[in-house]
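Here is data-v9.cif, consisting of mmCIF, C-alpha atoms:
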data_entry
loop_
_atom_site.label_atom_id
_atom_site.label_comp_id
_atom_site.auth_asym_id
_atom_site.auth_seq_id
_atom_site.Cartn_x
_atom_site.Cartn_y
_atom_site.Cartn_z
CA MET A 1339 -50.24 2.85 29.02
CA PRO A 1340 -47.95 0.13 27.57
CA ILE A 1341 -50.03 0.10 24.38
CA LEU A 1342 -49.95 3.90 24.13
CA LEU A 1343 -46.19 3.93 24.72
CA THR A 1344 -45.68 1.27 22.05
CA VAL A 1345 -47.73 3.24 19.53
CA ILE A 1346 -45.81 6.48 20.25
CA VAL A 1347 -42.41 4.78 19.95
CA CYS A 1348 -43.36 2.98 16.72
CA CYS A 1349 -44.71 6.20 15.19
CA ALA A 1350 -41.58 8.14 16.18
CA VAL A 1351 -39.27 5.48 14.75
CA GLY A 1352 -41.37 5.29 11.57
CA VAL A 1353 -41.21 9.06 11.04
CA GLY A 1354 -37.48 9.08 11.72
CA TRP A 1355 -36.90 6.26 9.25
CA LEU A 1356 -38.91 7.97 6.50
CA GLN A 1357 -37.10 11.29 7.07
CA ARG A 1358 -33.57 9.86 7.33
CA ASP A 1359 -32.49 11.08 3.89
CA GLU A 1360 -33.45 14.67 4.75
CA GLU A 1361 -30.63 14.72 7.35
CA TYR A 1362 -32.44 17.00 9.75
CA VAL A 1363 -30.28 15.35 12.41
CA THR A 1364 -26.57 14.53 12.09
CA PRO A 1365 -24.53 12.63 14.69
CA ASP A 1366 -21.54 15.00 14.54
CA SER A 1367 -23.07 18.15 16.00
CA GLY A 1368 -26.12 19.92 17.32
CA THR A 1369 -29.23 17.99 18.27
CA GLY A 1370 -27.94 14.72 16.83
CA TYR A 1371 -24.81 14.85 18.97
CA TRP A 1372 -26.77 15.48 22.17
CA LEU A 1373 -29.25 12.73 21.32
CA GLY A 1374 -26.28 10.36 21.32
CA ILE A 1375 -25.17 11.65 24.73
CA TYR A 1376 -28.65 11.31 26.22
CA GLY A 1377 -29.11 7.86 24.70
CA SER A 1378 -25.76 6.70 26.07
CA LEU A 1379 -26.62 8.01 29.54
CA ALA A 1380 -29.97 6.22 29.37
CA MET A 1381 -28.28 2.91 28.54
CA LEU A 1382 -25.66 3.44 31.25
CA SER A 1383 -28.45 4.18 33.76
CA LEU A 1384 -29.78 0.67 33.23
CA LEU A 1385 -27.14 -0.42 35.73
CA VAL A 1386 -28.99 1.35 38.54
CA TYR A 1387 -31.71 -1.32 38.60
CA SER A 1388 -29.16 -4.14 38.91
CA LEU A 1389 -27.29 -2.28 41.67
CA ARG A 1390 -30.54 -1.52 43.52
CA LYS A 1391 -31.48 -5.22 43.47
CA ARG A 1392 -28.13 -6.35 44.83
CA PHE A 1393 -27.37 -3.72 47.46
CA LYS A 1394 -29.89 -3.03 50.21
CA SER A 1395 -27.93 0.09 51.15
CA MET A 1396 -29.33 1.77 48.01
CA ARG A 1397 -32.95 1.46 49.15
CA LEU A 1398 -33.03 5.22 49.83
CA ILE A 1399 -33.03 5.96 46.10
CA GLY A 1400 -36.34 4.16 45.50
CA SER A 1401 -38.01 0.79 45.53
CA ILE A 1402 -37.09 -2.13 43.29
CA PRO A 1403 -40.48 -2.04 41.46
CA PHE A 1404 -39.92 1.66 40.73
CA TRP A 1405 -36.46 1.06 39.26
CA PHE A 1406 -37.73 -1.94 37.33
CA ARG A 1407 -40.21 0.30 35.51
CA ILE A 1408 -37.50 2.91 34.94
CA HIS A 1409 -35.23 0.14 33.66
CA MET A 1410 -37.82 -0.85 31.08
CA LEU A 1411 -38.48 2.73 30.00
CA LEU A 1412 -34.78 3.51 29.65
CA GLY A 1413 -34.31 0.26 27.74
CA ILE A 1414 -36.83 1.59 25.20
CA PHE A 1415 -35.96 5.29 25.02
CA GLY A 1416 -32.19 4.76 25.06
CA PRO A 1417 -32.09 2.77 21.79
CA VAL A 1418 -34.64 5.12 20.19
CA LEU A 1419 -32.46 8.14 20.99
CA ILE A 1420 -29.43 6.33 19.60
CA LEU A 1421 -31.34 5.52 16.42
CA PHE A 1422 -32.12 9.21 15.91
CA HIS A 1423 -28.54 10.10 16.82
CA ALA A 1424 -27.31 7.82 14.03
CA ASN A 1425 -30.07 9.11 11.71
CA PHE A 1426 -30.97 5.46 11.04
CA LYS A 1427 -27.72 4.95 9.13
CA LEU A 1428 -24.53 2.98 9.66
CA GLY A 1429 -21.18 4.72 10.12
CA ALA A 1430 -17.63 3.79 11.02
CA LEU A 1431 -16.69 0.34 12.29
CA ASN A 1432 -16.59 1.31 15.98
CA SER A 1433 -19.99 3.02 15.77
CA ASN A 1434 -21.50 0.03 13.95
CA VAL A 1435 -20.25 -2.38 16.62
CA ALA A 1436 -21.75 -0.21 19.36
CA PHE A 1437 -24.99 0.19 17.41
CA PHE A 1438 -25.57 -3.51 16.78
CA ALA A 1439 -24.52 -4.39 20.33
CA MET A 1440 -27.20 -1.99 21.56
CA LEU A 1441 -29.83 -3.53 19.28
CA ILE A 1442 -28.97 -7.05 20.46
CA VAL A 1443 -29.23 -5.96 24.10
CA ALA A 1444 -32.56 -4.23 23.43
CA ILE A 1445 -33.99 -7.33 21.71
CA SER A 1446 -32.65 -9.48 24.52
CA GLY A 1447 -34.39 -7.21 27.01
CA VAL A 1448 -37.72 -7.59 25.23
CA ILE A 1449 -37.34 -11.38 25.27
CA GLY A 1450 -36.40 -11.27 28.97
CA ARG A 1451 -39.46 -9.16 29.77
CA TYR A 1452 -41.68 -11.71 28.06
CA ILE A 1453 -40.15 -14.60 30.04
CA TYR A 1454 -40.37 -12.55 33.25
CA GLY A 1455 -44.08 -12.07 32.70
CA LYS A 1456 -44.51 -15.83 32.38
CA ILE A 1457 -43.05 -16.64 35.80
CA HIS A 1458 -44.39 -13.76 37.87
CA LEU A 1459 -47.88 -12.80 38.92
CA GLY A 1460 -48.27 -9.21 37.80
CA LEU A 1461 -45.40 -6.85 37.06
CA HIS A 1462 -43.81 -7.21 40.46
CA GLY A 1463 -45.95 -9.85 42.12
CA ARG A 1464 -44.54 -12.73 44.03
CA LYS A 1465 -43.04 -15.55 42.06
CA ALA A 1466 -45.65 -18.16 41.15
CA HIS A 1467 -44.00 -21.33 42.41
CA VAL A 1468 -45.05 -24.66 41.03
CA LYS A 1469 -45.78 -26.07 44.48
CA GLU A 1470 -48.23 -23.24 45.22
CA LEU A 1471 -50.15 -23.91 42.03
CA LEU A 1472 -50.32 -27.63 42.66
CA ALA A 1473 -51.45 -26.96 46.23
CA GLU A 1474 -54.26 -24.85 44.80
CA ALA A 1475 -55.13 -27.69 42.45
CA GLU A 1476 -55.28 -30.13 45.36
CA ALA A 1477 -57.60 -27.74 47.22
CA MET A 1478 -59.90 -27.75 44.18
CA ARG A 1479 -59.96 -31.55 44.27
CA ALA A 1480 -60.83 -31.57 47.97
CA ASP A 1481 -63.73 -29.17 47.35
CA LEU A 1482 -65.53 -31.78 45.29
CA GLY A 1483 -66.43 -33.83 48.31
CA GLN A 1484 -67.58 -37.43 48.16
CA ASP A 1485 -71.35 -36.99 48.14
CA MET A 1486 -71.70 -38.23 44.57
CA LYS A 1487 -70.27 -41.18 42.71
CA ALA A 1488 -69.11 -38.83 39.96
CA ALA A 1489 -67.37 -36.56 42.49
CA ALA A 1490 -65.66 -39.54 44.13
CA PHE A 1491 -64.52 -40.79 40.73
CA VAL A 1492 -63.16 -37.40 39.66
CA SER A 1493 -61.39 -36.85 42.99
CA GLN A 1494 -59.71 -40.23 42.69
CA GLN A 1495 -58.64 -39.60 39.09
CA LEU A 1496 -57.24 -36.15 39.87
CA SER A 1497 -55.26 -37.52 42.80
CA ALA A 1498 -53.81 -40.34 40.70
CA PHE A 1499 -52.96 -37.96 37.86
CA SER A 1500 -51.17 -35.57 40.22
CA LYS A 1501 -49.11 -38.39 41.76
CA GLY A 1502 -48.08 -39.50 38.29
CA LEU A 1503 -46.48 -36.10 37.69
CA GLU A 1504 -44.46 -35.88 40.91
CA ASN A 1505 -41.35 -37.50 39.45
CA LYS A 1506 -41.38 -35.51 36.22
CA VAL A 1507 -39.03 -32.71 37.32
CA PRO A 1508 -36.50 -32.00 34.53
CA ARG A 1509 -33.26 -30.19 35.26
CA THR A 1510 -32.67 -28.43 31.94
CA ALA A 1511 -34.63 -25.97 29.84
CA LEU A 1512 -34.80 -28.43 26.94
CA GLY A 1513 -35.97 -31.18 29.27
CA SER A 1514 -38.57 -28.84 30.74
CA LEU A 1515 -39.83 -28.00 27.26
CA ARG A 1516 -40.15 -31.66 26.32
CA THR A 1517 -41.77 -32.60 29.63
CA GLY A 1518 -44.11 -29.60 29.45
CA ALA A 1519 -45.28 -30.62 25.97
CA ILE A 1520 -45.93 -34.18 27.15
CA ILE A 1521 -47.79 -33.00 30.25
CA THR A 1522 -49.90 -30.58 28.21
CA ALA A 1523 -50.94 -33.33 25.80
CA ARG A 1524 -51.65 -35.76 28.64
CA THR A 1525 -53.63 -33.12 30.54
CA ARG A 1526 -55.90 -32.38 27.58
CA ARG A 1527 -56.61 -36.05 27.01
CA PHE A 1528 -57.09 -36.59 30.74
CA ARG A 1529 -59.53 -33.70 31.00
CA HIS A 1530 -61.61 -34.98 28.09
CA ASP A 1531 -61.73 -38.56 29.41
CA VAL A 1532 -62.56 -37.60 33.00
CA VAL A 1533 -65.26 -35.09 32.02
CA THR A 1534 -66.85 -37.60 29.65
CA GLU A 1535 -66.98 -40.32 32.31
CA ALA A 1536 -68.17 -37.86 34.99
CA ARG A 1537 -71.07 -36.77 32.78
CA ARG A 1538 -72.09 -40.40 32.33
CA LEU A 1539 -71.99 -41.02 36.10
CA VAL A 1540 -73.99 -37.85 36.82
CA ARG A 1541 -76.67 -38.83 34.30
CA ALA A 1542 -76.93 -42.32 35.79
CA GLU A 1543 -77.09 -40.98 39.35
CA ALA A 1544 -79.59 -38.29 38.39
CA LYS A 1545 -81.88 -40.91 36.88
CA GLY A 1546 -81.77 -43.07 40.02
CA ALA A 1547 -82.18 -40.16 42.46
CA ARG A 1548 -84.77 -38.39 40.28
CA TRP A 1549 -82.91 -35.11 40.16
CA SER A 1550 -84.38 -32.26 38.17
CA TRP A 1551 -82.68 -31.17 34.96
CA SER A 1552 -81.37 -28.01 36.65
CA GLU A 1553 -79.99 -29.98 39.61
CA ARG A 1554 -78.23 -32.43 37.35
CA ARG A 1555 -76.83 -29.59 35.27
CA ARG A 1556 -75.60 -27.73 38.35
CA ARG A 1557 -73.71 -30.73 39.70
CA GLN A 1558 -72.27 -31.54 36.33
CA LYS A 1559 -71.07 -27.96 35.81
CA ARG A 1560 -69.44 -27.96 39.24
CA ILE A 1561 -67.43 -31.07 38.46
CA GLU A 1562 -66.46 -29.84 35.00
CA ASN A 1563 -65.31 -26.52 36.44
CA VAL A 1564 -63.06 -28.21 38.99
CA VAL A 1565 -61.54 -30.52 36.38
CA ARG A 1566 -60.96 -27.58 34.02
CA ARG A 1567 -59.26 -25.47 36.70
CA TYR A 1568 -57.24 -28.43 37.91
CA ALA A 1569 -55.99 -29.17 34.39
CA ALA A 1570 -55.14 -25.50 33.85
CA ALA A 1571 -53.12 -25.44 37.10
CA VAL A 1572 -51.15 -28.52 36.06
CA ARG A 1573 -50.38 -27.02 32.63
CA LYS A 1574 -49.34 -23.75 34.26
CA ALA A 1575 -47.02 -25.63 36.60
CA ALA A 1576 -45.34 -27.37 33.66
CA GLU A 1577 -45.07 -24.04 31.81
CA LEU A 1578 -43.55 -22.30 34.82
CA THR A 1579 -40.87 -24.95 35.17
CA PHE A 1580 -39.80 -24.42 31.57
CA PHE A 1581 -39.79 -20.62 31.77
CA GLU A 1582 -37.86 -20.66 35.05
CA ARG A 1583 -35.10 -22.67 33.37
CA LEU A 1584 -35.22 -20.40 30.33
CA PHE A 1585 -35.02 -17.24 32.47
CA SER A 1586 -31.89 -18.57 34.18
CA LEU A 1587 -30.26 -19.15 30.79
CA TRP A 1588 -31.36 -15.70 29.63
CA HIS A 1589 -29.55 -14.10 32.58
CA ILE A 1590 -26.36 -15.91 31.65
CA PHE A 1591 -26.38 -14.44 28.13
CA HIS A 1592 -27.94 -11.02 28.79
CA LEU A 1593 -25.39 -9.66 31.27
CA PRO A 1594 -22.30 -10.33 29.09
CA LEU A 1595 -24.11 -8.77 26.13
CA PHE A 1596 -24.90 -5.70 28.21
CA PHE A 1597 -21.29 -5.19 29.30
CA LEU A 1598 -20.12 -5.79 25.73
CA MET A 1599 -22.46 -2.99 24.67
CA LEU A 1600 -21.04 -0.67 27.33
CA LEU A 1601 -17.48 -1.45 26.21
CA ALA A 1602 -18.37 -0.86 22.56
CA GLY A 1603 -20.08 2.42 23.49
CA ILE A 1604 -17.06 3.63 25.44
CA VAL A 1605 -14.74 2.79 22.54
CA HIS A 1606 -17.07 4.61 20.15
CA VAL A 1607 -17.21 7.77 22.29
CA TRP A 1608 -13.45 7.74 22.76
CA ALA A 1609 -12.82 7.29 19.01
CA VAL A 1610 -15.23 10.08 18.07
CA HIS A 1611 -13.55 12.61 20.37
CA HIS A 1612 -9.97 11.66 19.51
CA TYR A 1613 -10.12 11.29 15.73
#
Structure rendered as structure tokens:
Amino acid sequence: MPILLTVIVCCAVGVGWLQRDEEYVTPDSGTGYWLGIYGSLAMLSLLVYSLRKRFKSMRLIGSIPFWFRIHMLLGIFGPVLILFHANFKLGALNSNVAFFAMLIVAISGVIGRYIYGKIHLGLHGRKAHVKELLAEAEAMRADLGQDMKAAAFVSQQLSAFSKGLENKVPRTALGSLRTGAIITARTRRFRHDVVTEARRLVRAEAKGARWSWSERRRRQKRIENVVRRYAAAVRKAAELTFFERLFSLWHIFHLPLFFLMLLAGIVHVWAVHHY
């Protein structure tokens, strides 16, 4: 559905752009005028999602996930309607300010949706906290057991690696980005070194215990799988920390931009009907 919606919107905007010189739609009257009204109402309706999140008394009008989806749809269709209202052309100063304010808010919304997807499981799943992911990684380590020298070695290395990351908790988005890059590089090198040494230990133990090729391969794959999943969890934790900081900053900038757009839109509507 998101792909289909994207294709429809892009096709509609493309057709409108190619037909802009034909002036089938004008912003002053008729269909073009009402497209501006509907687009403005769609953008104004974006406030409902914010109000629904903040006031429990509004739960009768629908769930938060429902209004989140409506918020995204209105954030797409509103600007598209305004584009057709303007016939993909610039106008007076007040209309241009409102138009570009709307575009900035729409782009900001797309960026916010991308960041939101990075720190949530699913569209409206619970927030994926770093501690939960690391707890899952520790459970993976415990599953190895100590019945093999290679397993004991890997378990010890994973534990030491995890403890080495406990104090790396940056407080800024830039710090999170730098720390995340360092952790990602360290994790890749760590994964390669541990897997290489574990393979050597498995081969040595298999030779002494006279394991079959399939048995040796099975044990080796099990260890490699745990190390791979553990490394992925650590990288995801570092990534989440960065995107959480970034999402907080995005909120700080997005809300003022939204209210600036509303103010510019109100001024534009007032100027159009009084001059």
Given the file shown, enumerate the residues that the PyMOL selection byres ((chain A and resi 1403-1413) around 10) captures and present them as a tab-separated table (two decimals) with C-alpha atoms, keeping the file's coordinate frame.
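The new file part-v1.tsv reads:
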chain	number	residue	atom	x	y	z
A	1343	LEU	CA	-46.19	3.93	24.72
A	1377	GLY	CA	-29.11	7.86	24.70
A	1379	LEU	CA	-26.62	8.01	29.54
A	1380	ALA	CA	-29.97	6.22	29.37
A	1381	MET	CA	-28.28	2.91	28.54
A	1382	LEU	CA	-25.66	3.44	31.25
A	1383	SER	CA	-28.45	4.18	33.76
A	1384	LEU	CA	-29.78	0.67	33.23
A	1385	LEU	CA	-27.14	-0.42	35.73
A	1386	VAL	CA	-28.99	1.35	38.54
A	1387	TYR	CA	-31.71	-1.32	38.60
A	1388	SER	CA	-29.16	-4.14	38.91
A	1390	ARG	CA	-30.54	-1.52	43.52
A	1391	LYS	CA	-31.48	-5.22	43.47
A	1399	ILE	CA	-33.03	5.96	46.10
A	1400	GLY	CA	-36.34	4.16	45.50
A	1401	SER	CA	-38.01	0.79	45.53
A	1402	ILE	CA	-37.09	-2.13	43.29
A	1414	ILE	CA	-36.83	1.59	25.20
A	1415	PHE	CA	-35.96	5.29	25.02
A	1416	GLY	CA	-32.19	4.76	25.06
A	1417	PRO	CA	-32.09	2.77	21.79
A	1418	VAL	CA	-34.64	5.12	20.19
A	1440	MET	CA	-27.20	-1.99	21.56
A	1443	VAL	CA	-29.23	-5.96	24.10
A	1444	ALA	CA	-32.56	-4.23	23.43
A	1445	ILE	CA	-33.99	-7.33	21.71
A	1447	GLY	CA	-34.39	-7.21	27.01
A	1448	VAL	CA	-37.72	-7.59	25.23
A	1451	ARG	CA	-39.46	-9.16	29.77
A	1461	LEU	CA	-45.40	-6.85	37.06
A	1462	HIS	CA	-43.81	-7.21	40.46
A	1463	GLY	CA	-45.95	-9.85	42.12
### Message
One number please: CA of His1423 (chain A) to CA of Glu1361 (chain A), in Å, one decimal.
### Response
10.7 Å
### Query
Written as a PyMOL selection string, what is the full residue list that the PyMOL selection byres ((chain A and resi 1595-1610) around 9) yields on the file shown?
chain A and resi 1366+1378+1381-1382+1431-1440+1442-1443+1446+1591-1594+1611-1613
Hits from the PyMOL selection byres ((chain A and resi 1365) around 8), listed as a PDB file with C-alpha atoms, in the coordinates of the input:
ATOM      1  CA  VAL A1363     -30.280  15.350  12.410  1.00  0.00           C
ATOM      2  CA  THR A1364     -26.570  14.530  12.090  1.00  0.00           C
ATOM      3  CA  ASP A1366     -21.540  15.000  14.540  1.00  0.00           C
ATOM      4  CA  SER A1367     -23.070  18.150  16.000  1.00  0.00           C
ATOM      5  CA  GLY A1368     -26.120  19.920  17.320  1.00  0.00           C
ATOM      6  CA  THR A1369     -29.230  17.990  18.270  1.00  0.00           C
ATOM      7  CA  GLY A1370     -27.940  14.720  16.830  1.00  0.00           C
ATOM      8  CA  TYR A1371     -24.810  14.850  18.970  1.00  0.00           C
ATOM      9  CA  GLY A1374     -26.280  10.360  21.320  1.00  0.00           C
ATOM     10  CA  HIS A1423     -28.540  10.100  16.820  1.00  0.00           C
ATOM     11  CA  ALA A1424     -27.310   7.820  14.030  1.00  0.00           C
ATOM     12  CA  ASN A1425     -30.070   9.110  11.710  1.00  0.00           C
TER      13      ASN A1425
END
### Query
What does the distance from CA of Glu1577 (chain A) to CA of Met1339 (chain A) come to in Å, to one decimal?
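Distance reported for this atom pair: 27.5 Å.
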### Task
Point out the residue among A:Arg1516, A:Arg1527, A:Lys1394, A:Lys1456 with the least atom-to-atom distance to Phe1581 (chain A), counting only C-alpha atoms.
A:Lys1456
### Query
Mind pulling up the distance from CA of Leu1421 (chain A) to CA of Val1351 (chain A)?
8.1 Å
### Task
Go through A:Ile1520, A:His1530, A:Ile1561, A:Glu1543 and flag the residue nearest Ser1493 (chain A), using all atoms listed in the file for the distances.
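With all atoms listed in the file as the atom set, the closest residue is A:Ile1561.
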Quick one: region 1343-1366 of chain A with N, CA, C and O atoms, as a tab-separated table (two decimals), in the frame of the given file?
chain	number	residue	atom	x	y	z
A	1343	LEU	N	-47.64	3.73	24.85
A	1343	LEU	CA	-46.19	3.93	24.72
A	1343	LEU	C	-45.65	3.23	23.48
A	1343	LEU	O	-44.81	3.79	22.76
A	1344	THR	N	-46.13	2.02	23.22
A	1344	THR	CA	-45.68	1.27	22.05
A	1344	THR	C	-46.06	1.99	20.77
A	1344	THR	O	-45.25	2.09	19.83
A	1345	VAL	N	-47.28	2.52	20.72
A	1345	VAL	CA	-47.73	3.24	19.53
A	1345	VAL	C	-46.88	4.50	19.30
A	1345	VAL	O	-46.46	4.79	18.17
A	1346	ILE	N	-46.60	5.24	20.37
A	1346	ILE	CA	-45.81	6.48	20.25
A	1346	ILE	C	-44.40	6.17	19.75
A	1346	ILE	O	-43.88	6.83	18.86
A	1347	VAL	N	-43.78	5.14	20.34
A	1347	VAL	CA	-42.41	4.78	19.95
A	1347	VAL	C	-42.38	4.31	18.49
A	1347	VAL	O	-41.50	4.73	17.72
A	1348	CYS	N	-43.33	3.47	18.10
A	1348	CYS	CA	-43.36	2.98	16.72
A	1348	CYS	C	-43.58	4.12	15.73
A	1348	CYS	O	-42.95	4.16	14.66
A	1349	CYS	N	-44.46	5.05	16.08
A	1349	CYS	CA	-44.71	6.20	15.19
A	1349	CYS	C	-43.46	7.07	15.07
A	1349	CYS	O	-43.10	7.52	13.97
A	1350	ALA	N	-42.79	7.32	16.20
A	1350	ALA	CA	-41.58	8.14	16.18
A	1350	ALA	C	-40.49	7.49	15.34
A	1350	ALA	O	-39.84	8.15	14.53
A	1351	VAL	N	-40.29	6.18	15.53
A	1351	VAL	CA	-39.27	5.48	14.75
A	1351	VAL	C	-39.63	5.46	13.27
A	1351	VAL	O	-38.78	5.64	12.40
A	1352	GLY	N	-40.93	5.28	12.96
A	1352	GLY	CA	-41.37	5.29	11.57
A	1352	GLY	C	-41.13	6.62	10.90
A	1352	GLY	O	-40.63	6.68	9.76
A	1353	VAL	N	-41.45	7.71	11.60
A	1353	VAL	CA	-41.21	9.06	11.04
A	1353	VAL	C	-39.73	9.30	10.85
A	1353	VAL	O	-39.29	9.83	9.81
A	1354	GLY	N	-38.92	8.91	11.83
A	1354	GLY	CA	-37.48	9.08	11.72
A	1354	GLY	C	-36.89	8.30	10.55
A	1354	GLY	O	-36.01	8.81	9.83
A	1355	TRP	N	-37.39	7.08	10.36
A	1355	TRP	CA	-36.90	6.26	9.25
A	1355	TRP	C	-37.26	6.88	7.89
A	1355	TRP	O	-36.43	6.93	6.98
A	1356	LEU	N	-38.48	7.38	7.77
A	1356	LEU	CA	-38.91	7.97	6.50
A	1356	LEU	C	-38.19	9.28	6.19
A	1356	LEU	O	-38.02	9.65	5.02
A	1357	GLN	N	-37.75	9.99	7.25
A	1357	GLN	CA	-37.10	11.29	7.07
A	1357	GLN	C	-35.58	11.21	7.13
A	1357	GLN	O	-34.90	12.25	7.16
A	1358	ARG	N	-35.01	10.00	7.12
A	1358	ARG	CA	-33.57	9.86	7.33
A	1358	ARG	C	-32.74	10.50	6.22
A	1358	ARG	O	-31.64	11.01	6.47
A	1359	ASP	N	-33.26	10.51	4.99
A	1359	ASP	CA	-32.49	11.08	3.89
A	1359	ASP	C	-32.49	12.60	3.90
A	1359	ASP	O	-31.70	13.24	3.19
A	1360	GLU	N	-33.40	13.22	4.66
A	1360	GLU	CA	-33.45	14.67	4.75
A	1360	GLU	C	-32.31	15.21	5.62
A	1360	GLU	O	-31.98	16.41	5.53
A	1361	GLU	N	-31.76	14.37	6.47
A	1361	GLU	CA	-30.63	14.72	7.35
A	1361	GLU	C	-30.93	15.95	8.20
A	1361	GLU	O	-30.12	16.88	8.32
A	1362	TYR	N	-32.11	15.95	8.78
A	1362	TYR	CA	-32.44	17.00	9.75
A	1362	TYR	C	-31.55	16.86	10.99
A	1362	TYR	O	-31.29	17.85	11.69
A	1363	VAL	N	-31.12	15.63	11.26
A	1363	VAL	CA	-30.28	15.35	12.41
A	1363	VAL	C	-29.01	14.67	11.94
A	1363	VAL	O	-29.05	13.74	11.14
A	1364	THR	N	-27.86	15.16	12.40
A	1364	THR	CA	-26.57	14.53	12.09
A	1364	THR	C	-25.88	14.18	13.40
A	1364	THR	O	-25.98	14.92	14.39
A	1365	PRO	N	-25.15	13.07	13.44
A	1365	PRO	CA	-24.53	12.63	14.69
A	1365	PRO	C	-23.33	13.46	15.12
A	1365	PRO	O	-22.90	13.37	16.28
A	1366	ASP	N	-22.78	14.29	14.23
A	1366	ASP	CA	-21.54	15.00	14.54
A	1366	ASP	C	-21.75	16.25	15.38
A	1366	ASP	O	-20.84	16.65	16.13
